[in-house]
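Step one of this worksheet: look at the structure below.
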Amino acid sequence: MHSPRLSAKAAAGIVREINFHDSRIRTTSTTVAELVAHYRQRELGDDNARISHSTKRGYEDNLRRWVLQRWAKYPLSAVKAMEVELWLANIGRARSTCAKLRNLMSLLFNHARRHDLFDRNPISLVRQSAKRRTAPEVLTVAEIQQILRALASLEHVAMLLEVSTGLRQSELFALKWMDVDFETKQLSVTRSIVQQVVGACKTEASQKPVPLHDHVAKVLQEWKRQSRYSAADDWVFASPVKDGQKLTGERTSCAARFFLPYEALESQNALAGIPSAIATRHFCESAALTLK
């Protein structure tokens, strides 16, 4: 549900479009802030199912934190490729983040062109690589097994399922028991969930069946036997606090932060030898991990 402030900005975007097509009012003074308001109203509303909820949240966050902070008052005609390129080079963020900001600004200008709010896209000339400067550090099989041995049932199942399938956290937490085929040892990934909002998967490729390792299938079957919520339409990680109507916790985030009880793990020396940056940010970045 949009705030009154956001709704006012969205209305301003519609007025701007109407005025743009009125030759008596039309000027070249459309600003980036006005374009963003128009884009929000047309593309980021709840009724637009073409863009996933998680993508909308990402766009909103980057618009608010980065694009509007720097470019809000700029007329579209004043946004120059070299100035944007220099800005991205000096904001001190990862290349992948800079690439997302560059692509989002390009999306805005393409939106302006599509709606006849502007006649060109200066961001198409902005050079920005998304390639990592260094290879990411990830948890090894031994390190994952070290943590798994110290985890209780819920956390153990969640982490084991994630590292063995490579599912996104939003897909992992959106699993229902109807999605698990123990006979064929496969998962059907048909939905995702972010901030308790259920939607489609991020890509069509995500919806392909995911094979389950024999050990993972056995652990998952035991978890189903223990769970109070084991009907076909129940969440695999249902919240007992919410009587199974919601997932465990009020939000989905990186499972490493969401599930792992760090104080307990540290007291058991379960994180010994594992760099904290890895333990708090990554499980693994491979599509699947061979379990031993």
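So you can find residues: chains in the structure tokens are A, B, ... in the order shown, residues in each start at 1, and ligands are numbered from 1 in order.
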
Per-residue DSSP, region 99-248 of chain A, filtered to alpha helix (DSSP H), as number ranges by chain: A: 99-114, 141-148, 153-165, 169-172, 214-226

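The protein and nucleic acid residues lying at most 12 Å from Val126 (chain A) are Val79, Lys80, Ala81, Met82, Glu83, Val84, Glu85, Leu86, Trp87, Leu88, Ala89, Cys98, Ala99, Leu101, Arg102, Asn103, Met105 and Ser106 of chain A, with only C-alpha atoms considered and sequence neighbours fewer than 6 positions away removed.
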
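We find CA of Gln69 (chain A) and CA of Asp47 (chain A) to be spaced 27.0 Å apart.
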
Using only C-alpha atoms, can you tell me which of A:Ser164, A:Ser239, A:Gln226, A:Ser192 comes closest to Pro211 (chain A)? A:Ser164

Go through A:Ser129, A:Asn90, A:Ser52, A:Thr30 one by one, measure the shortest atom-to-atom distance of each to Ser77 (chain A) using only C-alpha atoms, and give the residue with the smallest value. A:Thr30

Tell me which of A:Val163, A:Thr31, A:Arg42, A:Pro209 sits closest to Thr140 (chain A), counting only C-alpha atoms. A:Val163

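Going from CA of Val219 (chain A) over to CA of Val157 (chain A), you cover 6.9 Å.
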
Which one is closest to Ala158 (chain A): A:Val236, A:Met178, A:Asp214, A:Gln195? Count only C-alpha atoms. A:Val236

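Taking CA of Glu60 (chain A) and CA of Gly45 (chain A) as the two end points, the separation is 11.0 Å.
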